[in-house]
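Have a look at coords21.cif; it's mmCIF, C-alpha atoms:
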data_query
loop_
_atom_site.label_atom_id
_atom_site.label_comp_id
_atom_site.auth_asym_id
_atom_site.auth_seq_id
_atom_site.Cartn_x
_atom_site.Cartn_y
_atom_site.Cartn_z
CA ASP A 245 -25.73 -94.30 54.43
CA THR A 246 -25.33 -95.27 58.06
CA GLY A 247 -24.92 -92.92 60.95
CA VAL A 248 -23.07 -93.44 64.20
CA SER A 249 -24.03 -96.72 65.83
CA GLN A 250 -23.62 -97.81 69.41
CA ASP A 251 -23.93 -101.18 71.05
CA PRO A 252 -25.59 -102.15 73.28
CA ARG A 253 -28.44 -99.68 73.45
CA HIS A 254 -29.24 -100.61 77.01
CA LYS A 255 -27.15 -102.24 79.72
CA ILE A 256 -28.21 -103.16 83.23
CA THR A 257 -25.47 -104.31 85.55
CA LYS A 258 -24.79 -104.82 89.21
CA ARG A 259 -22.49 -102.57 91.15
CA GLY A 260 -18.91 -103.74 90.94
CA GLN A 261 -19.22 -105.37 87.51
CA ASN A 262 -17.26 -104.26 84.46
CA VAL A 263 -19.04 -103.09 81.31
CA THR A 264 -17.84 -102.28 77.81
CA PHE A 265 -19.61 -100.21 75.17
CA ARG A 266 -18.84 -100.01 71.48
CA CYS A 267 -19.17 -97.10 69.07
CA ASP A 268 -18.92 -97.31 65.29
CA PRO A 269 -18.50 -93.81 63.82
CA ILE A 270 -19.54 -92.70 60.38
CA SER A 271 -17.16 -94.19 57.87
CA GLU A 272 -14.05 -92.06 57.26
CA HIS A 273 -14.76 -89.76 60.20
CA ASN A 274 -11.38 -89.36 61.86
CA ARG A 275 -12.62 -87.65 65.04
CA LEU A 276 -14.51 -89.54 67.72
CA TYR A 277 -15.91 -88.27 71.00
CA TRP A 278 -17.51 -89.80 74.06
CA TYR A 279 -19.99 -87.86 76.18
CA ARG A 280 -22.07 -88.78 79.21
CA GLN A 281 -25.58 -87.46 79.78
CA THR A 282 -27.63 -87.75 82.95
CA LEU A 283 -31.34 -87.04 83.22
CA GLY A 284 -32.19 -83.39 82.79
CA GLN A 285 -28.65 -82.40 81.85
CA GLY A 286 -26.79 -81.78 78.64
CA PRO A 287 -24.03 -84.11 77.46
CA GLU A 288 -20.71 -83.80 79.28
CA PHE A 289 -17.47 -84.33 77.39
CA LEU A 290 -15.50 -87.41 78.43
CA THR A 291 -12.79 -88.03 75.86
CA TYR A 292 -11.68 -87.36 72.29
CA PHE A 293 -9.80 -89.32 69.64
CA GLN A 294 -8.21 -88.10 66.48
CA ASN A 295 -7.69 -91.25 64.46
CA GLU A 296 -6.29 -93.75 66.98
CA ALA A 297 -4.76 -91.14 69.30
CA GLN A 298 -6.62 -90.21 72.48
CA LEU A 299 -5.92 -86.49 72.71
CA GLU A 300 -7.90 -85.47 75.76
CA LYS A 301 -9.53 -87.11 78.73
CA SER A 302 -11.88 -85.18 80.99
CA ARG A 303 -11.38 -84.88 84.74
CA LEU A 304 -14.79 -86.57 84.93
CA LEU A 305 -13.16 -89.83 83.91
CA SER A 306 -11.76 -91.63 86.90
CA ASP A 307 -9.18 -94.37 86.59
CA ARG A 308 -12.04 -96.83 86.32
CA PHE A 309 -12.81 -95.57 82.83
CA SER A 310 -10.75 -96.39 79.78
CA ALA A 311 -11.38 -95.77 76.11
CA GLU A 312 -9.64 -97.11 73.05
CA ARG A 313 -9.76 -96.68 69.32
CA PRO A 314 -7.19 -99.21 68.19
CA LYS A 315 -7.35 -98.87 64.42
CA GLY A 316 -8.81 -95.42 64.17
CA SER A 317 -12.24 -96.81 63.35
CA PHE A 318 -14.55 -98.14 66.10
CA SER A 319 -14.04 -97.25 69.73
CA THR A 320 -14.74 -98.95 73.04
CA LEU A 321 -15.44 -97.41 76.43
CA GLU A 322 -14.89 -99.66 79.43
CA ILE A 323 -16.01 -98.96 82.97
CA GLN A 324 -14.50 -101.13 85.66
CA ARG A 325 -16.07 -101.76 89.07
CA THR A 326 -19.22 -99.86 88.18
CA GLU A 327 -20.88 -97.62 90.75
CA GLN A 328 -24.47 -96.39 90.93
CA GLY A 329 -23.24 -92.92 90.02
CA ASP A 330 -22.13 -94.28 86.64
CA SER A 331 -25.77 -94.71 85.61
CA ALA A 332 -26.24 -92.43 82.61
CA MET A 333 -26.58 -92.31 78.84
CA TYR A 334 -23.21 -92.70 77.15
CA LEU A 335 -23.15 -90.93 73.80
CA CYS A 336 -20.63 -91.30 71.04
CA ALA A 337 -20.17 -88.72 68.29
CA SER A 338 -17.97 -88.46 65.24
CA SER A 339 -16.84 -85.76 62.86
CA LEU A 340 -14.46 -85.09 60.02
CA ASP A 341 -11.65 -82.54 59.90
CA GLY A 342 -12.98 -79.31 58.46
CA ILE A 343 -16.62 -80.24 59.11
CA ILE A 344 -18.08 -78.41 62.08
CA GLU A 345 -20.92 -80.77 62.94
CA GLN A 346 -20.55 -83.62 65.38
CA PHE A 347 -22.90 -86.50 64.54
CA PHE A 348 -24.22 -88.31 67.57
CA GLY A 349 -25.12 -91.95 67.96
CA PRO A 350 -28.27 -93.17 69.75
CA GLY A 351 -26.38 -93.78 72.99
CA THR A 352 -26.00 -96.63 75.44
CA ARG A 353 -28.15 -96.31 78.53
CA LEU A 354 -26.37 -97.80 81.54
CA THR A 355 -28.21 -98.67 84.72
CA VAL A 356 -26.13 -99.79 87.69
CA LEU A 357 -28.15 -101.54 90.38
CA GLN B 530 -17.51 -73.21 81.32
CA ASN B 531 -20.89 -71.79 82.34
CA ILE B 532 -23.78 -72.12 79.90
CA ASP B 533 -27.28 -71.12 80.99
CA GLN B 534 -30.60 -71.66 79.31
CA PRO B 535 -34.16 -71.85 80.65
CA THR B 536 -35.32 -75.24 81.84
CA GLU B 537 -38.75 -75.35 80.23
CA MET B 538 -40.92 -73.44 77.78
CA THR B 539 -44.44 -74.08 76.57
CA ALA B 540 -46.01 -72.70 73.41
CA THR B 541 -48.98 -73.25 71.16
CA GLU B 542 -48.88 -74.95 67.77
CA GLY B 543 -48.23 -72.36 65.07
CA ALA B 544 -46.66 -69.87 67.47
CA ILE B 545 -43.07 -68.65 67.82
CA VAL B 546 -40.73 -69.49 70.68
CA GLN B 547 -37.33 -67.97 71.48
CA ILE B 548 -34.85 -69.95 73.57
CA ASN B 549 -32.09 -67.86 75.09
CA CYS B 550 -28.61 -69.06 75.95
CA THR B 551 -25.92 -67.15 77.82
CA TYR B 552 -22.39 -68.39 78.17
CA GLN B 553 -19.15 -67.64 79.95
CA THR B 554 -16.29 -69.70 78.61
CA SER B 555 -12.53 -69.52 78.70
CA GLY B 556 -12.34 -69.93 74.92
CA PHE B 557 -14.85 -69.61 72.12
CA ASN B 558 -14.86 -71.14 68.68
CA GLY B 559 -18.52 -71.30 67.78
CA LEU B 560 -21.95 -71.94 69.27
CA PHE B 561 -24.19 -74.84 68.33
CA TRP B 562 -27.84 -75.64 68.81
CA TYR B 563 -28.92 -79.27 68.91
CA GLN B 564 -32.39 -80.80 69.16
CA GLN B 565 -32.90 -83.91 71.25
CA HIS B 566 -36.11 -85.88 71.41
CA ALA B 567 -36.61 -87.99 74.51
CA GLY B 568 -34.43 -91.10 74.44
CA GLU B 569 -32.79 -90.15 71.16
CA ALA B 570 -29.47 -88.73 70.01
CA PRO B 571 -28.95 -84.97 69.71
CA THR B 572 -29.29 -83.75 66.13
CA PHE B 573 -27.59 -80.64 64.76
CA LEU B 574 -29.73 -77.57 64.12
CA SER B 575 -27.44 -74.59 63.69
CA TYR B 576 -23.98 -73.12 64.13
CA ASN B 577 -22.88 -69.51 64.71
CA VAL B 578 -19.31 -68.32 64.92
CA LEU B 579 -19.78 -64.69 63.84
CA ASP B 580 -22.23 -62.18 65.26
CA GLY B 581 -25.61 -62.06 63.61
CA LEU B 582 -28.55 -64.13 62.55
CA GLU B 583 -28.45 -67.44 60.70
CA GLU B 584 -31.73 -68.59 59.21
CA LYS B 585 -32.55 -72.13 58.20
CA GLY B 586 -36.18 -72.74 57.34
CA ARG B 587 -38.37 -72.45 60.43
CA PHE B 588 -35.31 -72.21 62.69
CA SER B 589 -33.07 -69.17 63.18
CA SER B 590 -30.14 -68.68 65.51
CA PHE B 591 -28.54 -65.44 66.67
CA LEU B 592 -25.17 -64.77 68.27
CA SER B 593 -23.63 -61.80 70.09
CA ARG B 594 -20.09 -62.67 71.10
CA SER B 595 -19.56 -59.45 73.06
CA LYS B 596 -22.59 -60.22 75.22
CA GLY B 597 -22.00 -63.96 75.45
CA TYR B 598 -25.53 -64.47 74.22
CA SER B 599 -27.37 -66.55 71.67
CA TYR B 600 -30.96 -67.42 70.94
CA LEU B 601 -32.74 -70.05 68.89
CA LEU B 602 -36.00 -68.97 67.29
CA LEU B 603 -38.54 -71.60 66.33
CA LYS B 604 -41.31 -70.37 64.06
CA GLU B 605 -44.62 -71.95 63.04
CA LEU B 606 -44.32 -74.46 65.83
CA GLN B 607 -45.39 -78.01 65.13
CA MET B 608 -46.14 -80.80 67.58
CA LYS B 609 -43.00 -82.61 66.44
CA ASP B 610 -40.93 -79.67 67.72
CA SER B 611 -41.61 -80.81 71.28
CA ALA B 612 -38.10 -81.73 72.38
CA SER B 613 -35.10 -80.58 74.38
CA TYR B 614 -32.96 -77.89 72.77
CA LEU B 615 -29.31 -77.86 73.73
CA CYS B 616 -26.99 -74.90 73.47
CA ALA B 617 -23.31 -75.88 73.15
CA VAL B 618 -20.08 -73.92 72.90
CA ARG B 619 -17.00 -75.24 71.09
CA ASP B 620 -13.73 -74.44 72.74
CA ILE B 621 -10.71 -72.85 71.17
CA ASP B 622 -9.10 -76.24 70.63
CA ASP B 623 -11.66 -76.87 67.94
CA TYR B 624 -13.21 -80.10 69.10
CA LYS B 625 -14.77 -80.27 72.55
CA LEU B 626 -18.37 -79.13 73.02
CA SER B 627 -19.65 -77.84 76.34
CA PHE B 628 -23.42 -78.13 76.62
CA GLY B 629 -26.03 -76.33 78.61
CA ALA B 630 -28.59 -78.39 80.50
CA GLY B 631 -31.13 -78.02 77.72
CA THR B 632 -34.52 -76.34 77.37
CA THR B 633 -37.54 -78.62 77.15
CA VAL B 634 -40.07 -77.15 74.75
CA THR B 635 -43.62 -78.45 74.89
CA VAL B 636 -45.91 -77.59 72.00
CA ARG B 637 -49.61 -77.70 72.81
CA ALA B 638 -52.45 -77.98 70.31
#

Same coordinates, now as structure tokens:
Amino acid sequence: DTGVSQDPRHKITKRGQNVTFRCDPISEHNRLYWYRQTLGQGPEFLTYFQNEAQLEKSRLLSDRFSAERPKGSFSTLEIQRTEQGDSAMYLCASSLDGIIEQFFGPGTRLTVL
Amino acid sequence: QNIDQPTEMTATEGAIVQINCTYQTSGFNGLFWYQQHAGEAPTFLSYNVLDGLEEKGRFSSFLSRSKGYSYLLLKELQMKDSASYLCAVRDIDDYKLSFGAGTTVTVRA
């Protein structure tokens, strides 16, 4: 039994570079979420997929952010032209219709220098 | 969404600690408590959607929807309970969670 996995676990990049993160949800989970967490704060909702459809995108996500879930399985989150303010832990979670719990992955820690 | 919880709490091993959470949200479809150890993913502890107390082993959670209030009760504290405890409200659309900033609990020997 595998949980939610995320890759990479850590990413250090220079300001202005593009980065892409991957999330593999629990098998057969049709719902997938992305959250961002900064030090000392709780996770903040970024976006939500039901199967391959992106149903909501937070105001926190500028046009530099894009997320996809092309086949309704894994998802990618891309940040273009990174800024220092993008430094955070990016968490992915998944769930199944009718199941209340969201299962979180270990996160990708992004540091923008 | 406005979700408030204390920043830090300290307690002794074997003791009881109560973490309060107050919320003001435009919609409500359940309140969650998650535990998060430093550098790790949040893990689910409890869920309340109706008023009252839910007990699960050493952890209990209480909800009063009319007061916008919940608490998480940790009994027989162990060193491994040192972690951040996150209160989260699910909105009426049934998917998005809004989290508080978390309460860091430190258990001392």

Is it possible to get the axis-aligned box enclosing segment 293-303 of chain A (all listed atoms, 5 Å extra per side) as AutoDock Vina command-line options, with centre and edge lengths in Å rounded to one decimal?
--center_x -8.3 --center_y -89.3 --center_z 74.6 --size_x 17.1 --size_y 18.9 --size_z 30.3

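In this structure, atom CA of Glu322 of chain A sits 26.1 Å away from atom CA of Asp620 of chain B.
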
Check which residues satisfy the PyMOL selection byres ((chain A) within 7 of (chain B)) in the file shown, then give them as number ranges by chain. A: 284-289, 345, 348-351

Residues returned when the PyMOL selection byres ((chain B and resi 550-555) around 7) runs on this file, as an mmCIF file with C-alpha atoms, in the coordinates of the input:
data_model
loop_
_atom_site.group_PDB
_atom_site.id
_atom_site.type_symbol
_atom_site.label_atom_id
_atom_site.label_comp_id
_atom_site.auth_asym_id
_atom_site.auth_seq_id
_atom_site.Cartn_x
_atom_site.Cartn_y
_atom_site.Cartn_z
ATOM 1 C CA GLN B 530 -17.510 -73.210 81.320
ATOM 2 C CA ASN B 531 -20.890 -71.790 82.340
ATOM 3 C CA ILE B 532 -23.780 -72.120 79.900
ATOM 4 C CA ASP B 533 -27.280 -71.120 80.990
ATOM 5 C CA GLN B 534 -30.600 -71.660 79.310
ATOM 6 C CA ILE B 548 -34.850 -69.950 73.570
ATOM 7 C CA ASN B 549 -32.090 -67.860 75.090
ATOM 8 C CA GLY B 556 -12.340 -69.930 74.920
ATOM 9 C CA PHE B 557 -14.850 -69.610 72.120
ATOM 10 C CA GLY B 597 -22.000 -63.960 75.450
ATOM 11 C CA TYR B 598 -25.530 -64.470 74.220
ATOM 12 C CA SER B 599 -27.370 -66.550 71.670
ATOM 13 C CA TYR B 600 -30.960 -67.420 70.940
ATOM 14 C CA CYS B 616 -26.990 -74.900 73.470
#

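Among the candidates A:Thr282, A:Thr326, A:Phe265, A:Arg353, the residue lying nearest to Arg313 of chain A is A:Phe265 (atoms considered: only C-alpha atoms).
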